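Text of the file upload.txt, holding compact mmCIF, C-alpha atoms:
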# COMPACT_ATOMS: atom_id res chain seq x y z
CA MET A 1 0.00 0.00 0.00
CA GLY A 2 1.68 3.24 -1.13
CA SER A 3 5.42 3.69 -0.77
CA LYS A 4 7.60 1.55 1.49
CA TRP A 5 8.02 2.67 5.09
CA ASN A 6 11.25 4.37 6.04
CA PRO A 7 12.22 2.79 9.37
CA LEU A 8 14.09 5.97 10.32
CA GLU A 9 10.85 7.96 10.13
CA ILE A 10 8.84 6.39 12.93
CA MET A 11 6.45 8.71 14.67
CA ARG A 12 5.41 7.81 18.19
CA MET A 13 1.80 8.61 18.81
CA MET A 14 -0.22 7.67 21.83
CA LEU A 15 -3.97 7.45 21.51
CA VAL A 16 -5.49 6.14 24.70
CA VAL A 17 -9.09 5.04 24.92
CA GLY A 18 -11.06 4.15 28.01
CA GLN A 19 -11.97 5.68 31.32
CA LEU A 20 -10.41 7.41 34.28
CA LEU A 21 -11.68 7.23 37.83
CA LEU A 22 -12.35 10.43 39.76
CA ILE A 23 -12.25 9.87 43.53
CA PRO A 24 -12.15 12.80 45.95
CA ALA A 25 -9.11 12.82 48.24
CA SER A 26 -10.98 14.15 51.25
CA PHE A 27 -14.46 15.28 52.21
CA SER A 28 -16.20 18.28 53.67
CA PHE A 29 -19.89 17.48 53.38
CA SER A 30 -22.75 19.86 52.75
CA GLN A 31 -25.79 18.34 54.44
CA THR A 32 -28.47 20.62 52.95
CA VAL A 33 -29.32 21.50 49.37
CA SER A 34 -30.93 24.81 48.59
CA SER A 35 -34.23 24.74 46.73
CA LYS A 36 -32.92 27.63 44.62
CA CYS A 37 -30.02 25.62 43.15
CA GLN A 38 -29.50 25.91 39.40
CA GLU A 39 -30.22 22.51 37.83
CA THR A 40 -28.73 23.09 34.38
CA CYS A 41 -25.88 24.97 32.75
CA GLY A 42 -26.59 25.49 29.09
CA ASP A 43 -27.64 22.12 27.68
CA VAL A 44 -26.06 20.10 30.51
CA ALA A 45 -28.10 18.87 33.49
CA VAL A 46 -26.25 19.20 36.81
CA PRO A 47 -27.73 16.69 39.29
CA TYR A 48 -26.71 16.50 42.95
CA PRO A 49 -24.09 15.60 44.32
CA PHE A 50 -22.76 17.97 41.64
CA GLY A 51 -23.98 21.51 41.88
CA ILE A 52 -23.53 25.14 40.88
CA GLY A 53 -22.86 27.58 43.71
CA ASP A 54 -22.54 27.28 47.48
CA GLY A 55 -25.01 24.97 49.16
CA CYS A 56 -25.76 23.10 45.94
CA TYR A 57 -23.03 20.43 45.84
CA LEU A 58 -21.94 17.64 48.17
CA ASN A 59 -18.43 19.00 48.64
CA GLU A 60 -15.88 21.05 46.74
CA TYR A 61 -14.93 18.14 44.49
CA PHE A 62 -18.42 18.18 42.98
CA SER A 63 -18.49 21.92 42.37
CA ILE A 64 -19.45 23.01 38.85
CA ARG A 65 -18.69 26.50 37.51
CA CYS A 66 -21.22 27.71 34.96
CA ASP A 67 -19.58 30.17 32.58
CA VAL A 68 -22.23 32.48 31.15
CA THR A 69 -19.85 35.00 29.60
CA ALA A 70 -17.71 33.06 27.11
CA THR A 71 -20.38 32.21 24.52
CA SER A 72 -24.07 32.66 23.90
CA THR A 73 -24.67 29.21 25.45
CA PRO A 74 -23.47 28.80 29.06
CA LYS A 75 -20.85 26.07 29.56
CA PRO A 76 -20.17 24.05 32.73
CA TYR A 77 -16.62 23.51 34.00
CA LEU A 78 -15.32 21.17 36.69
CA TRP A 79 -14.33 23.09 39.83
CA ASN A 80 -12.62 26.37 38.86
CA SER A 81 -10.64 24.68 36.09
CA ASN A 82 -10.83 24.89 32.31
CA ILE A 83 -12.11 21.28 32.08
CA GLU A 84 -15.42 21.54 30.24
CA VAL A 85 -18.16 19.12 31.32
CA LEU A 86 -20.25 17.52 28.58
CA ASN A 87 -22.54 15.24 30.57
CA ILE A 88 -23.09 14.13 34.17
CA SER A 89 -24.70 10.74 34.78
CA LEU A 90 -25.96 9.49 38.14
CA ASP A 91 -24.80 6.06 36.95
CA GLY A 92 -21.30 7.26 37.82
CA GLU A 93 -19.94 8.69 34.57
CA LEU A 94 -18.71 12.20 33.84
CA ARG A 95 -17.95 13.15 30.20
CA ILE A 96 -15.45 15.95 29.80
CA TYR A 97 -13.21 17.52 27.19
CA THR A 98 -9.49 16.73 27.54
CA TYR A 99 -6.72 18.53 25.71
CA ILE A 100 -4.72 17.12 22.81
CA SER A 101 -0.97 17.05 23.43
CA LYS A 102 1.21 17.85 20.42
CA ASP A 103 4.88 17.89 19.41
CA CYS A 104 5.57 20.09 16.35
CA TYR A 105 8.62 20.90 14.21
CA ILE A 106 9.57 23.40 11.55
CA GLU A 107 10.73 22.11 8.15
CA SER A 108 14.41 21.98 9.20
CA GLY A 109 13.55 19.65 12.08
CA VAL A 110 13.79 22.21 14.90
CA GLN A 111 11.26 21.47 17.62
CA GLN A 112 8.66 24.07 18.41
CA GLN A 113 7.35 24.58 21.92
CA PRO A 114 5.62 21.28 22.81
CA HIS A 115 2.13 21.30 24.27
CA THR A 116 1.94 18.43 26.74
CA PHE A 117 -0.06 17.45 29.79
CA ALA A 118 0.70 14.98 32.53
CA TYR A 119 -1.27 12.93 35.05
CA THR A 120 1.45 10.42 35.84
CA GLY A 121 0.45 6.92 36.84
CA PHE A 122 1.02 4.25 34.16
CA SER A 123 3.19 3.61 31.13
CA ARG A 124 1.85 2.30 27.86
CA GLY A 125 2.32 3.39 24.27
CA CYS A 126 2.34 2.50 20.59
CA LEU A 127 4.21 3.24 17.35
CA SER A 128 2.86 4.83 14.19
CA MET A 129 4.77 4.84 10.87
CA CYS A 130 4.30 6.28 7.39
CA THR A 131 6.21 8.06 4.62
CA GLY A 132 3.37 9.38 2.51
CA MET A 133 -0.36 10.00 2.46
CA ASP A 134 -0.81 6.94 0.25
CA ASP A 135 0.17 4.79 3.23
CA VAL A 136 -2.71 6.05 5.34
CA THR A 137 -6.30 4.76 5.36
CA ASP A 138 -9.21 6.78 6.73
CA GLY A 139 -10.84 5.08 9.70
CA ALA A 140 -7.86 2.77 10.39
CA CYS A 141 -5.85 3.48 13.54
CA ASP A 142 -3.63 0.41 13.37
CA GLY A 143 -0.06 1.72 13.28
CA ILE A 144 0.02 3.45 9.86
CA GLY A 145 -0.31 7.15 10.52
CA CYS A 146 -2.22 6.46 13.73
CA CYS A 147 -1.97 4.00 16.57
CA GLN A 148 -3.90 3.40 19.77
CA THR A 149 -3.57 1.58 23.05
CA THR A 150 -6.02 0.73 25.79
CA ILE A 151 -5.65 1.85 29.38
CA PRO A 152 -6.08 -0.29 32.50
CA GLN A 153 -9.31 -0.37 34.45
CA MET A 154 -9.68 1.98 37.41
CA LEU A 155 -6.91 4.30 36.23
CA LEU A 156 -6.50 7.27 38.56
CA ASN A 157 -4.03 9.35 36.52
CA TYR A 158 -1.99 9.27 33.34
CA ASN A 159 0.77 10.90 31.30
CA ALA A 160 0.57 11.57 27.54
CA SER A 161 3.63 12.30 25.45
CA VAL A 162 4.71 12.15 21.80
CA GLY A 163 8.00 12.13 19.92
CA SER A 164 9.67 11.56 16.55
CA LEU A 165 12.96 9.80 15.75
CA ASN A 166 13.64 12.07 12.77
CA ASN A 167 11.87 15.24 13.87
CA HIS A 168 9.27 14.88 11.08
CA THR A 169 11.74 16.07 8.43
CA ASN A 170 10.76 13.30 5.99
CA VAL A 171 7.02 13.85 6.39
CA TRP A 172 6.87 17.53 7.31
CA SER A 173 4.93 18.54 4.19
CA PHE A 174 1.82 16.68 5.35
CA ASN A 175 2.57 15.87 9.00
CA PRO A 176 4.57 18.50 10.92
CA CYS A 177 3.28 17.38 14.35
CA SER A 178 2.64 14.30 16.46
CA TYR A 179 -0.42 14.21 18.71
CA ALA A 180 -1.45 12.28 21.82
CA PHE A 181 -4.72 12.34 23.70
CA LEU A 182 -7.10 10.41 25.91
CA VAL A 183 -10.41 9.94 24.12
CA GLU A 184 -13.73 8.17 24.48
CA GLU A 185 -13.48 5.33 21.97
CA LYS A 186 -16.73 6.00 20.13
CA SER A 187 -15.92 9.71 19.78
CA PHE A 188 -12.88 9.47 17.51
CA ASN A 189 -12.60 8.19 13.95
CA PHE A 190 -9.16 8.70 12.41
CA SER A 191 -8.86 10.63 9.15
CA LYS A 192 -5.91 11.54 6.93
CA GLU A 193 -6.73 15.16 7.74
CA ASP A 194 -5.72 14.52 11.36
CA LEU A 195 -2.07 14.28 10.30
CA ASN A 196 -1.96 18.02 9.66
CA GLY A 197 -3.69 19.92 12.42
CA MET A 198 -6.19 17.39 13.87
CA ARG A 199 -8.92 19.15 11.85
CA ASN A 200 -8.37 22.21 14.09
CA ARG A 201 -9.45 20.33 17.20
CA THR A 202 -7.71 21.06 20.48
CA VAL A 203 -9.90 18.90 22.75
CA VAL A 204 -11.62 15.50 22.56
CA PRO A 205 -14.30 13.84 24.74
CA SER A 206 -13.15 11.58 27.58
CA VAL A 207 -15.02 9.72 30.32
CA LEU A 208 -14.40 9.77 34.06
CA ASP A 209 -15.94 7.29 36.48
CA TRP A 210 -16.71 9.21 39.66
CA ALA A 211 -17.16 8.03 43.23
CA VAL A 212 -19.06 9.72 46.00
CA CYS A 213 -16.91 8.33 48.83
CA LYS A 214 -13.25 7.43 49.17
CA GLU A 215 -13.80 4.30 51.26
CA THR A 216 -15.91 1.16 50.96
CA CYS A 217 -19.66 1.16 51.51
CA ASP A 218 -19.33 -0.62 54.87
CA GLU A 219 -16.84 1.96 56.10
CA ALA A 220 -18.86 4.92 54.81
CA ALA A 221 -22.08 3.62 56.40
CA LYS A 222 -20.51 3.73 59.86
CA ASP A 223 -21.20 7.48 59.89
CA PRO A 224 -24.93 7.80 59.05
CA ALA A 225 -24.79 11.59 59.25
CA SER A 226 -22.38 11.86 56.33
CA PHE A 227 -23.38 8.70 54.44
CA ALA A 228 -24.16 9.79 50.87
CA CYS A 229 -26.75 7.12 50.00
CA LYS A 230 -30.13 8.40 51.14
CA ALA A 231 -33.62 6.88 51.47
CA HIS A 232 -34.45 3.79 49.37
CA SER A 233 -30.99 3.59 47.83
CA GLU A 234 -28.13 1.09 47.86
CA CYS A 235 -24.36 1.54 48.03
CA PHE A 236 -21.96 -0.10 45.56
CA ASP A 237 -18.19 -0.54 45.89
CA PHE A 238 -15.73 -0.16 43.05
CA ALA A 239 -14.02 -3.44 42.25
CA ASP A 240 -10.32 -2.59 42.35
CA VAL A 241 -9.89 0.69 44.23
CA PRO A 242 -11.47 2.28 47.32
CA GLY A 243 -14.57 4.26 46.54
CA CYS A 244 -18.32 3.82 46.28
CA ARG A 245 -21.44 5.27 44.70
CA CYS A 246 -25.20 4.95 45.14
CA ASN A 247 -28.11 3.59 43.09
CA CYS A 248 -31.83 3.64 43.77
CA SER A 249 -33.19 0.37 45.14
CA SER A 250 -35.38 -1.80 42.93
CA GLY A 251 -38.83 -0.25 42.55
CA TYR A 252 -37.58 3.27 43.27
CA GLY A 253 -36.27 6.05 41.06
CA GLY A 254 -34.87 9.54 41.23
CA ASN A 255 -31.65 10.77 42.80
CA PRO A 256 -30.11 8.38 45.35
CA TYR A 257 -28.07 11.23 46.87
CA LEU A 258 -31.26 13.13 47.76
CA GLY A 259 -33.54 10.15 48.41
CA CYS A 260 -35.30 7.89 45.92
CA VAL A 261 -39.08 7.81 45.48
CA ASP A 262 -41.47 5.02 44.60
CA ILE A 263 -41.93 4.24 40.90
CA ASP A 264 -45.59 4.00 39.85
CA GLU A 265 -45.24 0.86 37.72
CA CYS A 266 -48.93 0.97 36.83
CA ALA A 267 -48.35 4.23 34.95
CA ASN A 268 -45.96 2.39 32.63
CA PRO A 269 -47.82 -0.71 31.40
CA GLU A 270 -45.37 -1.29 28.55
CA ASN A 271 -42.59 -2.12 31.02
CA TYR A 272 -44.81 -3.56 33.76
CA PRO A 273 -47.68 -5.36 31.95
CA CYS A 274 -50.60 -7.00 33.72
CA TRP A 275 -53.29 -9.38 32.49
CA GLY A 276 -55.69 -7.96 35.05
CA ILE A 277 -55.74 -4.84 37.21
CA CYS A 278 -52.44 -3.21 38.24
CA HIS A 279 -51.95 -2.12 41.87
CA ASN A 280 -49.01 0.14 42.73
CA LEU A 281 -47.17 -0.80 45.93
CA ASP A 282 -44.34 0.91 47.80
CA GLY A 283 -41.26 -0.22 45.89
CA SER A 284 -43.19 -2.76 43.82
CA TYR A 285 -46.52 -3.53 42.15
CA ALA A 286 -49.08 -6.33 41.97
CA CYS A 287 -51.61 -7.49 39.41
CA SER A 288 -55.01 -9.00 40.25
CA CYS A 289 -56.69 -11.50 37.92
CA PRO A 290 -60.30 -11.17 36.73
CA LYS A 291 -63.04 -13.14 38.47
CA GLY A 292 -62.77 -16.84 37.69
CA TYR A 293 -58.96 -16.77 37.32
CA HIS A 294 -56.01 -17.05 39.69
CA GLY A 295 -52.23 -16.37 39.53
CA ASP A 296 -49.95 -13.34 39.89
CA GLY A 297 -51.64 -11.60 36.96
CA LYS A 298 -48.35 -10.45 35.44
CA LYS A 299 -47.13 -10.86 31.87
CA GLY A 300 -43.63 -12.07 31.03
CA GLU A 301 -41.42 -15.13 30.85
CA ASP A 302 -41.20 -15.63 34.63
CA ALA A 303 -44.78 -14.60 35.39
CA GLN A 304 -47.67 -16.93 36.20
CA GLY A 305 -50.22 -14.80 34.42
CA CYS A 306 -53.88 -15.62 34.99
CA ILE A 307 -55.06 -19.24 35.04
CA ALA A 308 -58.71 -20.25 34.77
CA ASN A 309 -60.11 -21.75 37.96
CA PRO A 310 -61.31 -25.42 37.69
CA LYS A 311 -65.03 -25.83 37.19
CA SER A 312 -66.91 -26.51 40.41
CA SER A 313 -69.32 -29.48 40.91
CA HIS A 314 -73.04 -29.15 41.59
CA LEU A 315 -73.32 -32.81 42.74
CA VAL A 316 -74.42 -33.25 46.39
CA VAL A 317 -73.94 -36.64 48.14
CA ILE A 318 -75.98 -37.33 51.28
CA LEU A 319 -74.92 -40.23 53.52
CA VAL A 320 -76.93 -41.62 56.42
CA GLY A 321 -75.69 -44.29 58.83
CA LYS A 322 -73.90 -46.74 56.48
CA PHE A 323 -70.35 -47.19 55.15
CA PHE A 324 -70.09 -46.42 51.47
CA GLN A 325 -67.54 -46.12 48.70
CA LEU A 326 -67.71 -43.31 46.13
CA SER A 327 -65.65 -43.50 42.94
CA PHE A 328 -65.62 -41.19 39.98
CA ASN A 329 -63.58 -40.14 36.97
CA SER A 330 -61.40 -37.16 37.99
CA SER A 331 -61.76 -35.60 34.56
CA ALA A 332 -65.55 -35.70 34.62
CA ASP A 333 -67.67 -32.60 34.86
CA PHE A 334 -70.04 -34.08 37.44
CA GLY A 335 -73.02 -33.82 35.08
CA ASP A 336 -75.53 -36.44 34.12
CA ASP A 337 -72.78 -38.73 32.84
CA SER A 338 -70.89 -38.87 36.19
CA ASP A 339 -70.23 -42.43 37.27
CA PHE A 340 -70.43 -43.22 41.00
CA ASN A 341 -71.31 -46.31 43.09
CA VAL A 342 -72.55 -46.68 46.62
CA ALA A 343 -71.78 -49.96 48.41

Would you encode the structure as structure tokens?
Amino acid sequence: MGSKWNPLEIMRMMLVVGQLLLIPASFSFSQTVSSKCQETCGDVAVPYPFGIGDGCYLNEYFSIRCDVTATSTPKPYLWNSNIEVLNISLDGELRIYTYISKDCYIESGVQQQPHTFAYTGFSRGCLSMCTGMDDVTDGACDGIGCCQTTIPQMLLNYNASVGSLNNHTNVWSFNPCSYAFLVEEKSFNFSKEDLNGMRNRTVVPSVLDWAVCKETCDEAAKDPASFACKAHSECFDFADVPGCRCNCSSGYGGNPYLGCVDIDECANPENYPCWGICHNLDGSYACSCPKGYHGDGKKGEDAQGCIANPKSSHLVVILVGKFFQLSFNSSADFGDDSDFNVA
């Protein structure tokens, strides 16, 4: 494909895909949430424990700054930083923009001021090689013009760096810079245009997993006053590092950090179907079968549904003072054809 690679012109590029874990180092809890708290910033919802302004977030690590001056649409930023927030999920994910690191050279091979960032914690990389645009395929990040590497689970910090063995002198006309960045996998599709300027992008989406406590659930629950999981919620530990978060218990919905409320399953018959009448219960629901049927009244693979009651008999047997034996066919309907004997 294209010209042969020049082994002296190997560009090191690090494209990391995956997630980072955001765990606060210490806590100073806010126990009350103002009813006047701003719930959105631009197009981004800001649910508690995150919040905008004093009295609206759990602690300083969940503080969101809403910038209303930069553009016509307000933008949320994490803490007082320049880290723009794209989405906050109560399922424990925070989507943000992270900066692209670059290493650029002039045509003679003299390095320009590099733009790097560092969150040191692990070492992993990859090699990318090419000598001409004909070598490169759009959408393929497999070591020809672009390479990628995964990151370990529960990563707390990272370092991104780039370099070139020949200072880009052999490819400078179409690729004067190397780039490295942490990116959400589904948010990046490599293009030949990325070799010269990253299509003018300076940031890419990344995902943080966030925790609401820095210890395990059992340890956090020892202090009920500061325990983050409120009414009708459950606490979940992270698998490999200290930290926990909260989910609403089954049958409840809402915000587990403010207290979950009962779900009215009967108002959503598509997800909670009944054969008969639906009855909403606290944290659950029940279905009653029509007259003449029995069962749990629910629809679904594991449900009993409604089963017709067996027909009742109108036959009356009167016995007076003598031993007798009554026999009949169990499948009979006890009508005129019923067969019984009295000894």

Contacts of A:Gln304 at 12 Å or less, counting only C-alpha atoms, minus same-chain residues fewer than 2 places along, as a ChimeraX atom specification? /A:274-275,287-289,293-302,306-308

Using only C-alpha atoms, which residues sit within 8 Å of A:Gly42 once same-chain residues fewer than 4 positions away are excluded, as a PyMOL selection string? chain A and resi 73-76

Could those selected residues go to a file with C-alpha atoms, as a compact mmCIF listing (two decimals), in the frame of the given file?
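Below you can see out.txt, which holds the result:
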# COMPACT_ATOMS: atom_id res chain seq x y z
CA THR A 73 -24.67 29.21 25.45
CA PRO A 74 -23.47 28.80 29.06
CA LYS A 75 -20.85 26.07 29.56
CA PRO A 76 -20.17 24.05 32.73

Just how far from atom CA of A:Glu93 is atom CA of A:Trp79, in Å to one decimal? 16.3 Å

Atom-to-atom span, atom CA of A:Met198 and atom CA of A:Ile151, Å: 22.0 Å

Give the answer as one residue: which of A:Lys222, A:Arg65, A:Lys192, A:His232 has the shortest atom-to-atom distance to A:Gly145, using only C-alpha atoms?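 Smallest separation from A:Gly145 among the options: A:Lys192.
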
May I have the protein, DNA and RNA residues with any atom at most 10 Å from the point (-39.3, 8.8, 38.7), counting only C-alpha atoms, written as a PyMOL selection string? chain A and resi 251-255+260-265

Provide the atom CA of A:Tyr285 to atom CA of A:Ser250 distance in Å, to one decimal place.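 Value for the atom CA of A:Tyr285-atom CA of A:Ser250 distance: 11.3 Å.
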
Name the closest residue to A:Asp282 among the candidates A:Cys266, A:Leu155, A:Cys229, A:Cys146; distances are taken between atoms, counting only C-alpha atoms.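 Using only C-alpha atoms, A:Asp282 sits closest to A:Cys266.
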
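For the choices A:Leu165, A:Cys248, A:Gly259, A:Leu127, the atom-to-atom distance to A:Tyr48 is smallest for A:Gly259 when using only C-alpha atoms.
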
Ranking A:Tyr272, A:Tyr61, A:Trp210, A:Phe190 by minimum distance to A:Arg245 and counting all atoms listed in the file, which one comes first?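 Closest to A:Arg245, using all atoms listed in the file: A:Trp210.
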